[in-house]
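Notes to accompany the following structure.
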Amino acid sequence: MNRIAAVCLMAALQGCAATGVPRTTQPLAWTLGSAEAGAITTQTYRALVQSVKARLPVTAGTPSAILAADGTPLPCTAETAQRPAAVFDVDETLIWNIGHAYYEARSDAPFDEASWAAWEREGAAQTVAIPGAKTALDALRAMGVTPVFNTNRSAENAKHTEAALAHTGLGPAVHAETLFLKGDVDGKSGKDARRAEIAKHFCVLALVGDQNGDFTDGIDNGPVGKRPMAERRGLAAARYGAHWGADWFVLPNPLYGGWNNPPMNRDEVVAPDKRWTYKGND
């Protein structure tokens, strides 16, 4: 996926040309520099902790935040009820990849796997914890709830992802125990199989992420490929609406995501009857 294309779209919708700010800079500045972005993530993490706290203690049969293949919550077992957990995506959910985002924005470079793999290996010291994340993870651990990490970083770079989480104060993370990566379980970028594996070992009370796929593969992916954007929005609201803010917690990410795969234009996201043009002074 071309993350810079996503940045350019968002910047265009925000009117970067009128401000004179480079198009690739404005979403980066909002995400990493604005007080509002940190306030949103902090309030989301505070709500997460309160939601998990309200569901403790758990027992056999407690509905998990992880869905079965039919879309219903997987029930916790007597064994997993002894191990309550919350599952987190990593990138742009727990940590901001400041160094890599700066590289892409400054060089106007499209996303490529080689530079991202190098960042996974080399960038731990240039990552920062997202506001509210460390406080939330500390609170969960104090309640006896295990943070589990489920990310599409590569399994080949597991030790480097462990180091990034340790550097930001969000660890510990142990590969194949509390850290699940692309290449684990079924080798796919979709996370449903990894979530099912996690559910065998933990009673998962919450999922946290910045993309639809951090919660279920069923929103973005249809029977014959990627769903159209309007269909994704409808499914997220109608079929999965009861989860948002209850046991699913999503954080904003205007830098990149499945919402721009394939790339959209303004005519796709603004319906004809909602468009307006300034006609000047009469």
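Ordering of the structure tokens sets the chain letters (A, B, ...), residue numbers begin anew at 1 in every chain, and ligands are numbered from 1 in the order given.
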
Write out as a PyMOL selection string the residues lying within 12 Å of segment 224-241 of chain A, counting only C-alpha atoms and excluding same-chain residues fewer than 5 positions away. chain A and resi 65-67+70-73+211-213+215-219+246-250+258-265+268-271

Taking only segment 7-249 of chain A into account, list the residues labelled helix (DSSP H, G or I) by DSSP (computed from the backbone), as a short mmCIF file (atom, residue, chain, number, x, y, z; two decimals) with N, CA, C and O atoms, in the first residue's frame.
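Once everything was written out, this is part25.cif:
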```
data_model
loop_
_atom_site.label_atom_id
_atom_site.label_comp_id
_atom_site.auth_asym_id
_atom_site.auth_seq_id
_atom_site.Cartn_x
_atom_site.Cartn_y
_atom_site.Cartn_z
N VAL A 7 -1.43 9.96 2.52
CA VAL A 7 -1.11 11.25 3.10
C VAL A 7 -1.55 12.37 2.17
O VAL A 7 -2.12 13.37 2.59
N CYS A 8 -1.28 12.21 0.88
CA CYS A 8 -1.63 13.26 -0.08
C CYS A 8 -3.14 13.45 -0.17
O CYS A 8 -3.63 14.58 -0.28
N LEU A 9 -3.90 12.35 -0.15
CA LEU A 9 -5.35 12.47 -0.18
C LEU A 9 -5.84 13.24 1.03
O LEU A 9 -6.62 14.18 0.91
N MET A 10 -5.37 12.85 2.20
CA MET A 10 -5.83 13.52 3.41
C MET A 10 -5.45 14.99 3.38
O MET A 10 -6.23 15.86 3.76
N ALA A 11 -4.26 15.28 2.92
CA ALA A 11 -3.82 16.66 2.86
C ALA A 11 -4.65 17.47 1.89
O ALA A 11 -4.99 18.62 2.15
N ALA A 12 -5.01 16.85 0.76
CA ALA A 12 -5.84 17.56 -0.21
C ALA A 12 -7.20 17.89 0.37
O ALA A 12 -7.73 18.99 0.19
N LEU A 13 -7.78 16.93 1.10
CA LEU A 13 -9.08 17.18 1.71
C LEU A 13 -9.00 18.26 2.78
O LEU A 13 -9.98 18.93 3.07
N CYS A 16 -4.27 21.73 1.92
CA CYS A 16 -2.88 22.10 2.10
C CYS A 16 -2.41 23.13 1.09
O CYS A 16 -1.56 23.96 1.39
N ALA A 17 -2.94 23.07 -0.12
CA ALA A 17 -2.49 24.01 -1.14
C ALA A 17 -2.73 25.44 -0.72
O ALA A 17 -1.95 26.35 -1.01
N ALA A 18 -3.83 25.67 -0.02
CA ALA A 18 -4.18 27.02 0.39
C ALA A 18 -3.26 27.53 1.49
O ALA A 18 -3.06 28.73 1.64
N THR A 19 -2.69 26.63 2.28
CA THR A 19 -1.85 27.05 3.40
C THR A 19 -0.40 27.19 3.01
O THR A 19 0.38 27.77 3.75
N GLN A 26 1.05 17.91 6.40
CA GLN A 26 -0.04 18.29 7.29
C GLN A 26 -0.60 17.13 8.11
O GLN A 26 -0.76 17.27 9.32
N PRO A 27 -0.92 15.96 7.52
CA PRO A 27 -1.38 14.85 8.37
C PRO A 27 -0.32 14.41 9.38
O PRO A 27 -0.66 14.04 10.51
N LEU A 28 0.96 14.46 8.98
CA LEU A 28 2.03 14.11 9.91
C LEU A 28 2.07 15.10 11.07
O LEU A 28 2.20 14.71 12.23
N ALA A 29 1.92 16.39 10.77
CA ALA A 29 1.95 17.41 11.81
C ALA A 29 0.78 17.25 12.77
O ALA A 29 0.94 17.39 13.98
N TRP A 30 -0.40 16.93 12.23
CA TRP A 30 -1.56 16.74 13.12
C TRP A 30 -1.36 15.51 14.00
O TRP A 30 -1.56 15.55 15.21
N THR A 31 -0.94 14.41 13.41
CA THR A 31 -0.81 13.16 14.14
C THR A 31 0.23 13.27 15.25
O THR A 31 -0.01 12.86 16.38
N LEU A 32 1.38 13.81 14.91
CA LEU A 32 2.50 13.78 15.85
C LEU A 32 2.68 15.08 16.62
O LEU A 32 3.38 15.10 17.63
N GLY A 33 2.06 16.17 16.14
CA GLY A 33 2.32 17.46 16.76
C GLY A 33 1.16 18.12 17.45
O GLY A 33 1.36 19.01 18.28
N ALA A 35 -2.06 18.89 19.89
CA ALA A 35 -2.58 18.51 21.21
C ALA A 35 -3.83 17.66 21.06
O ALA A 35 -4.09 16.77 21.88
N GLU A 36 -4.62 17.92 20.01
CA GLU A 36 -5.86 17.18 19.81
C GLU A 36 -5.62 15.70 19.60
O GLU A 36 -6.36 14.85 20.12
N ALA A 37 -4.59 15.35 18.82
CA ALA A 37 -4.31 13.93 18.57
C ALA A 37 -4.00 13.21 19.87
O ALA A 37 -4.52 12.12 20.14
N GLY A 38 -3.17 13.81 20.71
CA GLY A 38 -2.84 13.20 21.98
C GLY A 38 -4.03 13.12 22.92
O GLY A 38 -4.18 12.15 23.68
N ALA A 39 -4.91 14.12 22.85
CA ALA A 39 -6.11 14.09 23.69
C ALA A 39 -7.03 12.95 23.28
O ALA A 39 -7.61 12.26 24.13
N ILE A 40 -7.17 12.73 21.98
CA ILE A 40 -8.03 11.65 21.49
C ILE A 40 -7.49 10.29 21.92
O ILE A 40 -8.24 9.42 22.39
N THR A 41 -6.18 10.09 21.75
CA THR A 41 -5.63 8.79 22.14
C THR A 41 -5.70 8.58 23.64
O THR A 41 -6.00 7.48 24.12
N THR A 42 -5.47 9.63 24.41
CA THR A 42 -5.55 9.51 25.86
C THR A 42 -6.96 9.16 26.32
O THR A 42 -7.15 8.27 27.17
N GLN A 43 -7.96 9.82 25.75
CA GLN A 43 -9.33 9.51 26.18
C GLN A 43 -9.75 8.11 25.73
O GLN A 43 -10.49 7.41 26.45
N THR A 44 -9.24 7.67 24.58
CA THR A 44 -9.55 6.32 24.12
C THR A 44 -8.97 5.28 25.07
O THR A 44 -9.63 4.31 25.46
N TYR A 45 -7.71 5.49 25.45
CA TYR A 45 -7.08 4.53 26.35
C TYR A 45 -7.71 4.55 27.74
O TYR A 45 -7.82 3.52 28.41
N ARG A 46 -8.15 5.72 28.19
CA ARG A 46 -8.83 5.79 29.49
C ARG A 46 -10.15 5.01 29.45
O ARG A 46 -10.48 4.28 30.38
N ALA A 47 -10.88 5.16 28.34
CA ALA A 47 -12.14 4.42 28.19
C ALA A 47 -11.88 2.92 28.13
O ALA A 47 -12.67 2.12 28.67
N LEU A 48 -10.80 2.52 27.46
CA LEU A 48 -10.45 1.10 27.39
C LEU A 48 -10.25 0.52 28.79
O LEU A 48 -10.80 -0.53 29.12
N VAL A 49 -9.47 1.20 29.61
CA VAL A 49 -9.19 0.69 30.95
C VAL A 49 -10.48 0.56 31.75
O VAL A 49 -10.70 -0.45 32.45
N GLN A 50 -11.35 1.55 31.68
CA GLN A 50 -12.60 1.50 32.43
C GLN A 50 -13.49 0.36 31.94
O GLN A 50 -14.15 -0.32 32.74
N SER A 51 -13.51 0.12 30.63
CA SER A 51 -14.31 -0.97 30.08
C SER A 51 -13.81 -2.33 30.57
O SER A 51 -14.60 -3.19 30.99
N VAL A 52 -12.49 -2.52 30.53
CA VAL A 52 -11.93 -3.80 30.97
C VAL A 52 -12.17 -3.99 32.47
O VAL A 52 -12.56 -5.08 32.92
N LYS A 53 -11.96 -2.95 33.24
CA LYS A 53 -12.16 -3.04 34.69
C LYS A 53 -13.58 -3.47 35.02
O LYS A 53 -13.81 -4.28 35.94
N ALA A 54 -14.55 -2.93 34.27
CA ALA A 54 -15.96 -3.24 34.54
C ALA A 54 -16.30 -4.69 34.23
O ALA A 54 -17.31 -5.21 34.74
N THR A 80 -8.98 -20.22 30.12
CA THR A 80 -8.57 -18.87 29.69
C THR A 80 -9.12 -17.79 30.61
O THR A 80 -8.54 -16.70 30.69
N ALA A 81 -10.21 -18.07 31.32
CA ALA A 81 -10.75 -17.07 32.24
C ALA A 81 -9.75 -16.71 33.34
O ALA A 81 -9.86 -15.64 33.96
N GLN A 82 -8.78 -17.59 33.56
CA GLN A 82 -7.74 -17.31 34.54
C GLN A 82 -6.66 -16.39 33.98
O GLN A 82 -5.78 -15.94 34.73
N ILE A 98 7.86 7.70 14.43
CA ILE A 98 8.20 9.07 14.05
C ILE A 98 9.31 9.10 13.00
O ILE A 98 9.23 9.83 12.01
N GLY A 99 10.37 8.34 13.22
CA GLY A 99 11.50 8.39 12.29
C GLY A 99 11.12 7.97 10.88
O GLY A 99 11.50 8.62 9.90
N HIS A 100 10.35 6.89 10.75
CA HIS A 100 9.97 6.41 9.42
C HIS A 100 8.98 7.36 8.76
O HIS A 100 9.07 7.63 7.56
N ALA A 101 8.04 7.90 9.53
CA ALA A 101 7.08 8.85 8.98
C ALA A 101 7.80 10.10 8.48
O ALA A 101 7.47 10.65 7.42
N TYR A 102 8.82 10.55 9.22
CA TYR A 102 9.60 11.72 8.81
C TYR A 102 10.36 11.42 7.52
O TYR A 102 10.39 12.25 6.60
N TYR A 103 10.94 10.22 7.44
CA TYR A 103 11.67 9.83 6.22
C TYR A 103 10.75 9.88 5.01
O TYR A 103 11.10 10.43 3.96
N GLU A 104 9.55 9.29 5.11
CA GLU A 104 8.64 9.25 3.97
C GLU A 104 8.18 10.65 3.58
O GLU A 104 8.12 11.00 2.40
N ALA A 105 7.83 11.45 4.58
CA ALA A 105 7.33 12.79 4.29
C ALA A 105 8.41 13.67 3.69
O ALA A 105 8.17 14.41 2.72
N ARG A 106 9.61 13.61 4.23
CA ARG A 106 10.70 14.48 3.75
C ARG A 106 11.14 14.10 2.35
O ARG A 106 11.40 14.97 1.52
N SER A 107 11.20 12.80 2.07
CA SER A 107 11.68 12.35 0.77
C SER A 107 10.57 12.18 -0.25
O SER A 107 10.83 11.90 -1.41
N GLU A 113 8.60 -2.11 1.05
CA GLU A 113 8.88 -3.11 2.07
C GLU A 113 10.32 -3.05 2.56
O GLU A 113 10.60 -3.30 3.73
N ALA A 114 11.26 -2.69 1.66
CA ALA A 114 12.67 -2.69 2.06
C ALA A 114 12.94 -1.63 3.13
O ALA A 114 13.62 -1.90 4.13
N SER A 115 12.44 -0.42 2.92
CA SER A 115 12.69 0.64 3.90
C SER A 115 11.97 0.34 5.21
O SER A 115 12.48 0.62 6.30
N TRP A 116 10.76 -0.25 5.12
CA TRP A 116 10.04 -0.57 6.35
C TRP A 116 10.76 -1.67 7.13
O TRP A 116 10.86 -1.62 8.36
N ALA A 117 11.28 -2.69 6.42
CA ALA A 117 12.02 -3.76 7.10
C ALA A 117 13.26 -3.20 7.79
O ALA A 117 13.60 -3.60 8.92
N ALA A 118 13.94 -2.26 7.13
CA ALA A 118 15.10 -1.63 7.75
C ALA A 118 14.69 -0.83 8.99
O ALA A 118 15.39 -0.84 10.01
N TRP A 119 13.55 -0.16 8.89
CA TRP A 119 13.05 0.58 10.05
C TRP A 119 12.73 -0.36 11.21
O TRP A 119 13.06 -0.05 12.36
N GLU A 120 12.12 -1.49 10.94
CA GLU A 120 11.85 -2.46 12.01
C GLU A 120 13.15 -2.86 12.72
O GLU A 120 13.17 -3.01 13.94
N ARG A 121 14.21 -3.04 11.94
CA ARG A 121 15.49 -3.48 12.50
C ARG A 121 16.22 -2.36 13.23
O ARG A 121 16.90 -2.61 14.22
N GLU A 122 16.10 -1.12 12.73
CA GLU A 122 16.98 -0.04 13.18
C GLU A 122 16.29 1.07 13.95
O GLU A 122 16.97 1.90 14.57
N ALA A 124 14.11 1.36 16.65
CA ALA A 124 13.52 1.30 17.99
C ALA A 124 13.72 2.59 18.77
O ALA A 124 12.81 3.08 19.45
N ALA A 125 14.91 3.19 18.66
CA ALA A 125 15.21 4.38 19.45
C ALA A 125 14.48 5.62 18.95
O ALA A 125 14.43 6.63 19.65
N GLN A 126 13.92 5.57 17.73
CA GLN A 126 13.19 6.71 17.19
C GLN A 126 11.68 6.55 17.28
O GLN A 126 10.93 7.30 16.67
N ALA A 133 -0.99 5.48 26.14
CA ALA A 133 -0.77 4.05 25.99
C ALA A 133 -0.08 3.44 27.20
O ALA A 133 -0.52 2.42 27.75
N LYS A 134 1.03 4.04 27.65
CA LYS A 134 1.77 3.45 28.76
C LYS A 134 0.94 3.45 30.04
O LYS A 134 0.92 2.45 30.79
N THR A 135 0.24 4.54 30.30
CA THR A 135 -0.61 4.60 31.49
C THR A 135 -1.65 3.49 31.46
O THR A 135 -1.93 2.83 32.47
N ALA A 136 -2.23 3.26 30.28
CA ALA A 136 -3.25 2.22 30.14
C ALA A 136 -2.67 0.83 30.36
O ALA A 136 -3.25 0.00 31.08
N LEU A 137 -1.52 0.55 29.74
CA LEU A 137 -0.93 -0.78 29.90
C LEU A 137 -0.49 -1.02 31.32
O LEU A 137 -0.64 -2.13 31.86
N ASP A 138 0.04 0.01 31.97
CA ASP A 138 0.41 -0.13 33.38
C ASP A 138 -0.82 -0.45 34.23
O ASP A 138 -0.78 -1.30 35.14
N ALA A 139 -1.94 0.23 33.95
CA ALA A 139 -3.17 0.01 34.71
C ALA A 139 -3.71 -1.39 34.49
O ALA A 139 -4.17 -2.06 35.43
N LEU A 140 -3.66 -1.86 33.24
CA LEU A 140 -4.14 -3.21 32.94
C LEU A 140 -3.30 -4.26 33.67
O LEU A 140 -3.84 -5.20 34.28
N ARG A 141 -2.01 -4.09 33.63
CA ARG A 141 -1.14 -5.07 34.30
C ARG A 141 -1.40 -5.06 35.81
O ARG A 141 -1.37 -6.12 36.45
N ALA A 142 -1.65 -3.88 36.37
CA ALA A 142 -1.93 -3.80 37.81
C ALA A 142 -3.23 -4.52 38.16
O ALA A 142 -3.39 -4.99 39.30
N ALA A 155 7.86 -11.48 11.52
CA ALA A 155 8.37 -12.42 12.51
C ALA A 155 9.89 -12.51 12.47
O ALA A 155 10.54 -12.81 13.48
N GLU A 156 10.48 -12.22 11.31
CA GLU A 156 11.94 -12.25 11.20
C GLU A 156 12.60 -11.19 12.08
O GLU A 156 13.75 -11.32 12.47
N ASN A 157 11.86 -10.12 12.35
CA ASN A 157 12.40 -9.02 13.15
C ASN A 157 11.81 -8.99 14.55
O ASN A 157 11.71 -7.93 15.17
N ALA A 158 11.44 -10.16 15.07
CA ALA A 158 10.75 -10.22 16.36
C ALA A 158 11.55 -9.53 17.46
O ALA A 158 11.00 -8.76 18.26
N LYS A 159 12.84 -9.79 17.53
CA LYS A 159 13.63 -9.22 18.63
C LYS A 159 13.67 -7.70 18.55
O LYS A 159 13.76 -7.02 19.59
N HIS A 160 13.58 -7.16 17.33
CA HIS A 160 13.61 -5.71 17.19
C HIS A 160 12.28 -5.08 17.60
O HIS A 160 12.25 -3.98 18.15
N THR A 161 11.19 -5.79 17.34
CA THR A 161 9.89 -5.29 17.81
C THR A 161 9.82 -5.38 19.33
O THR A 161 9.29 -4.48 20.00
N GLU A 162 10.34 -6.45 19.90
CA GLU A 162 10.43 -6.54 21.36
C GLU A 162 11.22 -5.36 21.91
O GLU A 162 10.84 -4.76 22.94
N ALA A 163 12.31 -4.98 21.21
CA ALA A 163 13.14 -3.86 21.66
C ALA A 163 12.41 -2.54 21.56
O ALA A 163 12.54 -1.67 22.44
N ALA A 164 11.61 -2.34 20.49
CA ALA A 164 10.86 -1.10 20.33
C ALA A 164 9.83 -0.94 21.45
O ALA A 164 9.65 0.14 22.01
N LEU A 165 9.15 -2.04 21.79
CA LEU A 165 8.16 -1.98 22.87
C LEU A 165 8.84 -1.75 24.21
O LEU A 165 8.31 -1.04 25.08
N ALA A 166 10.02 -2.33 24.40
CA ALA A 166 10.76 -2.09 25.64
C ALA A 166 11.24 -0.65 25.71
O ALA A 166 11.15 0.00 26.76
N HIS A 167 11.73 -0.12 24.59
CA HIS A 167 12.24 1.26 24.56
C HIS A 167 11.16 2.26 24.93
O HIS A 167 11.43 3.25 25.63
N ASP A 192 -7.02 -12.70 11.65
CA ASP A 192 -8.02 -13.56 12.26
C ASP A 192 -7.42 -14.85 12.82
O ASP A 192 -7.78 -15.29 13.92
N ALA A 193 -6.52 -15.47 12.07
CA ALA A 193 -5.92 -16.73 12.54
C ALA A 193 -5.09 -16.51 13.79
O ALA A 193 -5.10 -17.33 14.72
N ARG A 194 -4.36 -15.40 13.84
CA ARG A 194 -3.58 -15.10 15.04
C ARG A 194 -4.49 -14.81 16.22
O ARG A 194 -4.22 -15.23 17.35
N ARG A 195 -5.60 -14.10 15.96
CA ARG A 195 -6.54 -13.84 17.05
C ARG A 195 -7.12 -15.15 17.59
O ARG A 195 -7.28 -15.32 18.80
N ALA A 196 -7.44 -16.07 16.70
CA ALA A 196 -7.97 -17.37 17.15
C ALA A 196 -6.96 -18.11 18.00
O ALA A 196 -7.32 -18.77 18.99
N GLU A 197 -5.69 -18.01 17.63
CA GLU A 197 -4.64 -18.65 18.42
C GLU A 197 -4.52 -17.99 19.79
O GLU A 197 -4.39 -18.68 20.81
N ILE A 198 -4.57 -16.67 19.82
CA ILE A 198 -4.49 -15.95 21.09
C ILE A 198 -5.65 -16.35 22.00
O ILE A 198 -5.48 -16.54 23.21
N ALA A 199 -6.84 -16.52 21.40
CA ALA A 199 -8.03 -16.87 22.19
C ALA A 199 -7.93 -18.26 22.83
O ALA A 199 -8.67 -18.55 23.78
N ASN A 212 -9.31 -1.47 10.46
CA ASN A 212 -10.37 -2.48 10.58
C ASN A 212 -9.82 -3.87 10.86
O ASN A 212 -10.38 -4.64 11.64
N GLY A 213 -8.72 -4.20 10.19
CA GLY A 213 -8.14 -5.53 10.34
C GLY A 213 -7.60 -5.84 11.71
O GLY A 213 -7.27 -7.00 12.00
N ASP A 214 -7.47 -4.83 12.56
CA ASP A 214 -7.04 -5.08 13.94
C ASP A 214 -8.16 -5.67 14.78
O ASP A 214 -7.92 -6.07 15.93
N MET A 229 -15.50 0.84 -0.48
CA MET A 229 -15.45 1.63 0.74
C MET A 229 -16.81 1.79 1.39
O MET A 229 -16.94 1.70 2.61
N ALA A 230 -17.85 2.06 0.59
CA ALA A 230 -19.18 2.24 1.17
C ALA A 230 -19.65 0.99 1.91
O ALA A 230 -20.29 1.07 2.96
N GLU A 231 -19.30 -0.18 1.36
CA GLU A 231 -19.70 -1.43 2.00
C GLU A 231 -18.96 -1.61 3.32
O GLU A 231 -19.53 -2.09 4.31
N ARG A 232 -17.68 -1.22 3.35
CA ARG A 232 -16.91 -1.33 4.59
C ARG A 232 -17.54 -0.46 5.68
O ARG A 232 -17.69 -0.89 6.83
N ARG A 233 -17.87 0.76 5.33
CA ARG A 233 -18.48 1.67 6.32
C ARG A 233 -19.80 1.10 6.84
O ARG A 233 -20.10 1.17 8.03
N GLY A 234 -20.60 0.56 5.92
CA GLY A 234 -21.88 -0.01 6.33
C GLY A 234 -21.72 -1.18 7.26
O GLY A 234 -22.42 -1.30 8.27
N LEU A 235 -20.78 -2.09 6.95
CA LEU A 235 -20.54 -3.24 7.80
C LEU A 235 -20.03 -2.82 9.18
O LEU A 235 -20.47 -3.35 10.21
N ALA A 236 -19.08 -1.88 9.20
CA ALA A 236 -18.51 -1.44 10.47
C ALA A 236 -19.59 -0.88 11.39
O ALA A 236 -19.57 -1.10 12.61
N ALA A 237 -20.56 -0.18 10.81
CA ALA A 237 -21.61 0.42 11.62
C ALA A 237 -22.71 -0.57 11.96
O ALA A 237 -23.15 -0.65 13.12
N ALA A 238 -23.17 -1.34 10.98
CA ALA A 238 -24.36 -2.18 11.18
C ALA A 238 -24.03 -3.51 11.85
O ALA A 238 -24.63 -3.87 12.87
N GLY A 241 -21.25 -2.59 14.96
CA GLY A 241 -21.41 -1.35 15.70
C GLY A 241 -21.44 -1.50 17.21
O GLY A 241 -20.99 -0.62 17.94
N ALA A 242 -21.97 -2.61 17.71
CA ALA A 242 -22.08 -2.79 19.15
C ALA A 242 -20.73 -2.94 19.84
O ALA A 242 -20.62 -2.78 21.07
N HIS A 243 -19.68 -3.25 19.08
CA HIS A 243 -18.36 -3.47 19.67
C HIS A 243 -17.60 -2.17 19.94
O HIS A 243 -16.81 -2.10 20.88
#
```

For a quick check of understanding, using only C-alpha atoms, which of A:Ser154, A:Thr93, A:Ala78, A:Arg266 has the smallest distance to Lys182 of chain A?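 Nearest to Lys182 of chain A: A:Ser154.
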
One-decimal distance in Å that lies between atom CA of Thr178 of chain A and atom CA of Leu205 of chain A: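 Separation between atom CA of Leu205 of chain A and atom CA of Thr178 of chain A: 14.9 Å.
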